[in-house]
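For reference, start_5.cif (mmCIF, C-alpha atoms):
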data_run
#
loop_
_atom_site.label_atom_id
_atom_site.label_comp_id
_atom_site.auth_asym_id
_atom_site.auth_seq_id
_atom_site.Cartn_x
_atom_site.Cartn_y
_atom_site.Cartn_z
CA MET N 1 2.98 16.02 -9.54
CA ASN N 2 6.52 17.03 -8.55
CA ASN N 3 8.89 14.76 -10.48
CA SER N 4 11.80 15.64 -8.19
CA GLU N 5 10.31 13.45 -5.47
CA LYS N 6 12.44 10.46 -4.51
CA ILE N 7 11.52 6.96 -5.73
CA LEU N 8 13.17 3.82 -4.37
CA VAL N 9 13.58 0.83 -6.73
CA ILE N 10 14.28 -2.50 -4.99
CA GLU N 11 15.32 -5.12 -7.56
CA ASP N 12 18.00 -7.83 -7.38
CA GLU N 13 18.46 -8.08 -11.18
CA ASN N 14 21.13 -5.49 -12.01
CA VAL N 15 20.01 -4.80 -15.57
CA THR N 16 16.35 -4.33 -14.63
CA ARG N 17 17.19 -2.16 -11.62
CA ASN N 18 19.61 0.07 -13.52
CA ASN N 19 17.20 0.45 -16.44
CA LEU N 20 14.39 1.51 -14.11
CA VAL N 21 16.54 3.94 -12.14
CA ASN N 22 18.04 5.51 -15.28
CA PHE N 23 14.65 5.81 -16.96
CA LEU N 24 13.04 7.45 -13.93
CA ASN N 25 15.94 9.88 -13.55
CA SER N 26 15.63 10.76 -17.23
CA LYS N 27 12.01 11.69 -16.58
CA GLY N 28 12.98 14.09 -13.80
CA PHE N 29 12.45 11.81 -10.81
CA ASN N 30 15.07 11.36 -8.10
CA ALA N 31 15.41 7.57 -8.30
CA ILE N 32 17.70 5.41 -6.16
CA GLY N 33 18.24 1.66 -6.41
CA ALA N 34 18.65 -1.16 -3.90
CA GLU N 35 20.16 -4.48 -4.98
CA ASN N 36 18.23 -6.61 -2.48
CA GLY N 37 15.44 -6.50 0.08
CA ARG N 38 17.66 -5.91 3.09
CA VAL N 39 19.35 -2.89 1.49
CA GLY N 40 15.94 -1.69 0.31
CA ILE N 41 14.54 -1.66 3.85
CA SER N 42 17.55 0.32 5.06
CA LEU N 43 17.32 2.89 2.26
CA ALA N 44 13.56 3.27 2.73
CA LYS N 45 14.04 4.13 6.41
CA GLU N 46 16.94 6.46 5.64
CA HIS N 47 15.48 8.39 2.69
CA LEU N 48 11.69 8.07 3.29
CA PRO N 49 10.94 8.06 -0.46
CA LYS N 50 7.73 9.32 -1.98
CA LEU N 51 7.11 5.88 -3.49
CA ILE N 52 8.67 2.39 -3.49
CA ILE N 53 8.84 -0.02 -6.44
CA CYS N 54 9.83 -3.50 -5.27
CA ASP N 55 10.41 -6.87 -6.93
CA ILE N 56 8.65 -9.81 -5.25
CA MET N 57 11.03 -12.71 -5.93
CA MET N 58 14.37 -11.93 -4.28
CA PRO N 59 16.73 -14.15 -2.25
CA GLU N 60 16.84 -13.95 1.55
CA VAL N 61 14.47 -10.99 1.96
CA ASP N 62 11.71 -11.04 -0.67
CA GLY N 63 9.23 -8.31 -1.55
CA TYR N 64 6.63 -9.56 0.93
CA ASP N 65 9.18 -9.37 3.74
CA VAL N 66 10.16 -5.84 2.70
CA LEU N 67 6.53 -4.68 2.81
CA THR N 68 5.90 -6.36 6.17
CA GLU N 69 9.01 -4.76 7.71
CA LEU N 70 8.17 -1.26 6.44
CA GLN N 71 4.60 -1.52 7.70
CA LEU N 72 5.95 -1.90 11.24
CA GLU N 73 7.49 1.59 11.20
CA SER N 74 5.18 4.61 11.44
CA GLU N 75 7.42 6.67 9.12
CA THR N 76 7.38 4.07 6.32
CA ALA N 77 4.04 2.30 6.83
CA LEU N 78 2.04 4.57 4.51
CA ILE N 79 4.59 5.07 1.71
CA PRO N 80 2.90 3.99 -1.57
CA PHE N 81 4.23 0.54 -2.49
CA ILE N 82 4.19 -1.02 -5.97
CA PHE N 83 5.18 -4.65 -6.52
CA LEU N 84 7.11 -5.83 -9.57
CA THR N 85 6.27 -9.38 -10.60
CA ALA N 86 7.04 -11.79 -13.41
CA THR N 87 3.94 -13.86 -12.62
CA SER N 88 0.35 -13.33 -13.67
CA ASP N 89 -0.97 -15.76 -11.06
CA PRO N 90 -4.07 -14.08 -9.52
CA GLU N 91 -3.47 -15.71 -6.13
CA SER N 92 0.03 -14.25 -5.86
CA LEU N 93 -1.13 -10.81 -6.98
CA ASN N 94 -4.06 -10.75 -4.57
CA TYR N 95 -1.78 -11.90 -1.77
CA GLY N 96 0.43 -8.84 -2.22
CA LEU N 97 -2.51 -6.43 -2.40
CA GLU N 98 -4.09 -7.95 0.70
CA MET N 99 -0.82 -7.45 2.56
CA GLY N 100 -1.10 -3.72 1.88
CA ALA N 101 0.63 -3.10 -1.45
CA ASP N 102 -0.99 -0.30 -3.46
CA ASP N 103 -0.43 -1.72 -6.93
CA TYR N 104 1.60 -4.19 -8.99
CA LEU N 105 3.33 -4.12 -12.38
CA ASN N 106 4.01 -7.16 -14.54
CA LYS N 107 7.41 -7.66 -16.12
CA PRO N 108 8.38 -6.66 -18.73
CA ILE N 109 7.19 -3.13 -17.92
CA THR N 110 6.32 -0.57 -20.54
CA SER N 111 7.32 3.03 -19.87
CA GLU N 112 3.69 4.13 -20.20
CA LYS N 113 2.40 1.69 -17.59
CA LEU N 114 5.23 2.56 -15.22
CA LEU N 115 4.66 6.31 -15.42
CA ASN N 116 0.88 5.94 -15.14
CA ALA N 117 1.18 3.75 -12.04
CA ILE N 118 3.59 6.19 -10.39
CA ALA N 119 1.42 9.21 -11.23
CA LYS N 120 -1.70 7.51 -9.87
CA ARG N 121 -0.12 6.49 -6.58
CA ILE N 122 1.60 9.85 -5.93
CA GLU N 123 -1.53 11.78 -6.87
CA THR N 124 -3.63 9.70 -4.49
CA GLN N 125 -1.17 10.25 -1.65
CA ASP N 126 -0.96 14.00 -2.31
CA ILE N 127 -4.75 14.30 -2.20
CA GLU N 128 -4.90 12.47 1.13
CA ILE N 129 -2.19 14.70 2.62
CA GLU N 130 -3.89 17.82 1.25
CA GLU N 131 -7.20 16.82 2.81
CA ILE N 132 -5.54 16.47 6.20
CA ASP N 133 -3.85 19.88 5.82
CA ILE N 134 -7.11 21.57 4.83
CA GLN N 135 -8.91 20.08 7.83
CA THR N 136 -6.20 21.46 10.08
CA ILE N 137 -5.95 25.02 8.70
CA ASN N 138 -9.57 25.75 7.75
CA PRO N 139 -10.52 27.05 11.22
CA ILE N 140 -7.55 29.46 11.10
CA ILE N 141 -8.48 30.75 7.64
CA SER N 142 -12.01 31.45 8.82
CA GLY N 143 -10.65 33.53 11.68
CA SER N 144 -11.43 30.98 14.33
CA ILE N 145 -8.32 29.48 15.94
CA GLN N 146 -8.96 26.01 17.25
CA SER N 147 -9.29 25.61 20.98
CA GLU N 148 -7.20 23.01 22.76
CA THR N 149 -10.21 20.68 22.89
CA SER N 150 -10.95 21.05 19.17
CA LEU N 151 -7.32 20.46 18.21
CA LYS N 152 -7.23 17.35 20.35
CA ALA N 153 -10.38 16.04 18.63
CA THR N 154 -8.78 16.60 15.20
CA ASN N 155 -5.63 14.75 16.23
CA GLU N 156 -7.69 11.88 17.60
CA ARG N 157 -9.61 11.57 14.32
CA GLU N 158 -6.35 11.33 12.35
CA LEU N 159 -5.00 8.80 14.86
CA LEU N 160 -8.12 6.67 14.51
CA LYS N 161 -7.84 6.83 10.70
CA CYS N 162 -4.28 5.48 10.84
CA LYS N 163 -5.28 2.86 13.39
CA ASP N 164 -8.16 1.62 11.25
CA LEU N 165 -5.84 1.32 8.23
CA LEU N 166 -3.31 -0.74 10.19
CA LEU N 167 -6.03 -2.95 11.67
CA ASP N 168 -7.52 -3.54 8.25
CA ARG N 169 -4.13 -4.69 6.91
CA LEU N 170 -3.58 -6.85 9.98
CA LEU N 171 -6.93 -8.63 9.82
CA LYS N 172 -6.71 -9.17 6.05
CA GLY N 173 -3.19 -10.56 6.28
CA LEU N 174 -3.70 -13.06 9.10
CA PRO N 175 -5.91 -15.65 7.34
CA ASP N 176 -3.52 -15.99 4.38
CA HIS N 177 -0.51 -16.56 6.62
CA ILE N 178 -2.33 -19.06 8.83
CA SER N 179 -3.67 -21.00 5.82
CA LYS N 180 -0.24 -21.26 4.25
CA ILE N 181 1.28 -22.49 7.50
CA ASP N 182 -1.42 -25.18 7.69
CA ARG N 183 -0.68 -26.33 4.14
CA GLU N 184 3.06 -26.56 4.81
CA ILE N 185 2.50 -28.54 8.02
CA GLU N 186 0.25 -30.97 6.15
CA LEU N 187 2.99 -31.59 3.59
CA LEU N 188 5.46 -32.31 6.37
CA ARG N 189 3.06 -34.84 7.90
CA ASN N 190 3.11 -36.73 4.61
CA VAL N 191 6.90 -37.01 4.87
CA ASP N 192 7.54 -35.02 1.73
CA PRO N 193 11.03 -35.63 0.29
CA GLU N 194 11.61 -31.87 0.09
CA GLN N 195 11.09 -31.46 3.80
CA ASP N 196 13.90 -28.94 4.31
CA SER N 197 12.52 -26.50 1.76
CA HIS N 198 9.08 -26.67 3.37
CA LEU N 199 10.60 -26.01 6.79
CA ASP N 200 12.32 -22.91 5.39
CA GLU N 201 9.03 -21.70 3.94
CA LEU N 202 7.29 -22.41 7.23
CA GLN N 203 9.83 -20.33 9.13
CA LYS N 204 9.32 -17.38 6.76
CA GLU N 205 5.55 -17.53 7.14
CA PHE N 206 5.81 -17.60 10.94
CA ALA N 207 8.14 -14.60 10.82
CA ARG N 208 5.62 -12.66 8.74
CA LEU N 209 2.79 -13.68 11.03
CA LEU N 210 4.71 -12.59 14.11
CA ALA N 211 5.49 -9.26 12.46
CA LEU N 212 1.78 -8.71 11.96
CA VAL N 213 0.93 -9.75 15.51
CA ASN N 214 3.53 -7.35 16.89
CA GLN N 215 1.52 -4.48 15.45
CA VAL N 216 -1.34 -5.35 17.80
CA SER N 217 0.68 -4.46 20.89
CA GLU N 218 1.06 -0.91 19.58
CA LEU N 219 -2.65 -0.63 18.81
CA GLU N 220 -4.03 -1.96 22.11
CA LYS N 221 -3.81 1.54 23.62
CA ILE N 222 -6.23 3.00 21.09
CA ILE N 223 -8.26 0.01 19.94
CA THR N 224 -12.05 0.16 19.91
CA PRO N 225 -14.25 -2.44 21.65
CA GLU N 226 -15.56 -3.62 18.27
CA ASN N 227 -12.09 -4.31 16.88
CA ALA N 228 -11.02 -5.87 20.17
CA LYS N 229 -13.80 -8.45 19.87
CA MET N 230 -12.61 -9.36 16.39
CA LEU N 231 -8.98 -9.73 17.50
CA ASN N 232 -10.03 -11.78 20.52
CA GLN N 233 -11.15 -14.46 18.08
CA PHE N 234 -7.42 -15.05 17.50
CA ASN N 235 -6.66 -14.89 21.28
CA PHE N 236 -4.39 -11.87 20.84
CA LEU N 237 -5.91 -9.61 23.49
CA ASN N 238 -6.43 -11.87 26.47
CA SER N 239 -4.40 -9.59 28.72
CA LYS N 240 -7.00 -6.82 28.73
CA ASN N 241 -10.71 -6.52 29.31
CA TYR N 242 -12.63 -4.39 26.80
#

For this file, produce the structure as structure tokens.
Amino acid sequence: MNNSEKILVIEDENVTRNNLVNFLNSKGFNAIGAENGRVGISLAKEHLPKLIICDIMMPEVDGYDVLTELQLESETALIPFIFLTATSDPESLNYGLEMGADDYLNKPITSEKLLNAIAKRIETQDIEIEEIDIQTINPIISGSIQSETSLKATNERELLKCKDLLLDRLLKGLPDHISKIDREIELLRNVDPEQDSHLDELQKEFARLLALVNQVSELEKIITPENAKMLNQFNFLNSKNY
């Protein structure tokens, strides 16, 4: 593992963020900090870090929103993403993992757990990248340069792999968002005294759902008939016949 790789820490608590950044830099990493989710999204797109560590509970743009936004961009969608959380609630933790996060760390964080989580995620990503590189250069090493048809087939396989990953995240994320929207609507029907807060939560869930749905428009060009049938259950692909 190359410790000089850049790590982005998104955390609204100044003390926690500075401690993490300083600790990582002391261990040879190139760590940068973001004081909120909106800044974190911007820095992630600008620097394309090797790994992102992000708090969940933040004002305005929380950790879930950050992950959803970065998954919409091809350059940031596959960056390893670790959530920081002060809760041990299994439902909340599973929710983040189902959205596409690679791991989570409970606060307070020990240095050992932090370094182990980072090493595991970076090592996994390096292996995946290395496997792709080997598949690409093996024919050249053996003295057989790929023909145009063979190269096209290799590119298509990699494209399908990325597509399947995005579809998996999409289909896993939809039920949770839809269920939460249903629960919030039910509370509103009962004329809950905290109606405004529920409306705010409802708006956030719809925004996340729409962000997921928007990914489908990019995938329609390469989607398989099997996946199209699954997505048609949600009436997302009525404009095309598969």

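Taking atom CA of Lys6 of chain N and atom CA of Asp62 of chain N as endpoints, the distance between them is 21.9 Å.
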
Picked residues, the PyMOL selection byres ((chain N and resi 53) around 10), expected as JSON, numbers by chain: {"N": [7, 8, 9, 10, 11, 20, 33, 40, 51, 52, 54, 55, 56, 63, 80, 81, 82, 83, 84, 103, 104, 105, 114, 118]}

Result set, the PyMOL selection byres ((chain N and resi 74-76) around 9) on current file, as a list in words: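 When the PyMOL selection byres ((chain N and resi 74-76) around 9) is applied, the selected residues are Ala44, Lys45, Leu48, Pro49, Leu70, Gln71, Leu72, Glu73, Ala77, Leu78 and Ile79 of chain N.
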
Output of the PyMOL selection byres ((chain N and resi 96) around 10), listed as number ranges by chain: N: 56, 63-64, 67, 82-83, 91-95, 97-104, 173

Separation of atom CA of Val61 of chain N from atom CA of Asp12 of chain N, in Å and rounded to one decimal: 10.5 Å

Of the listed residues N:Val21, N:Ile41, N:Leu115, N:Ile122, that which approaches Asp65 of chain N most closely, counting only C-alpha atoms: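 Nearest candidate to Asp65 of chain N out of N:Val21, N:Ile41, N:Leu115, N:Ile122: N:Ile41.
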
Å distance separating atom CA of Ala119 of chain N from atom CA of Ala34 of chain N, one decimal place: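 About the pair atom CA of Ala119 of chain N and atom CA of Ala34 of chain N: they are 21.4 Å apart.
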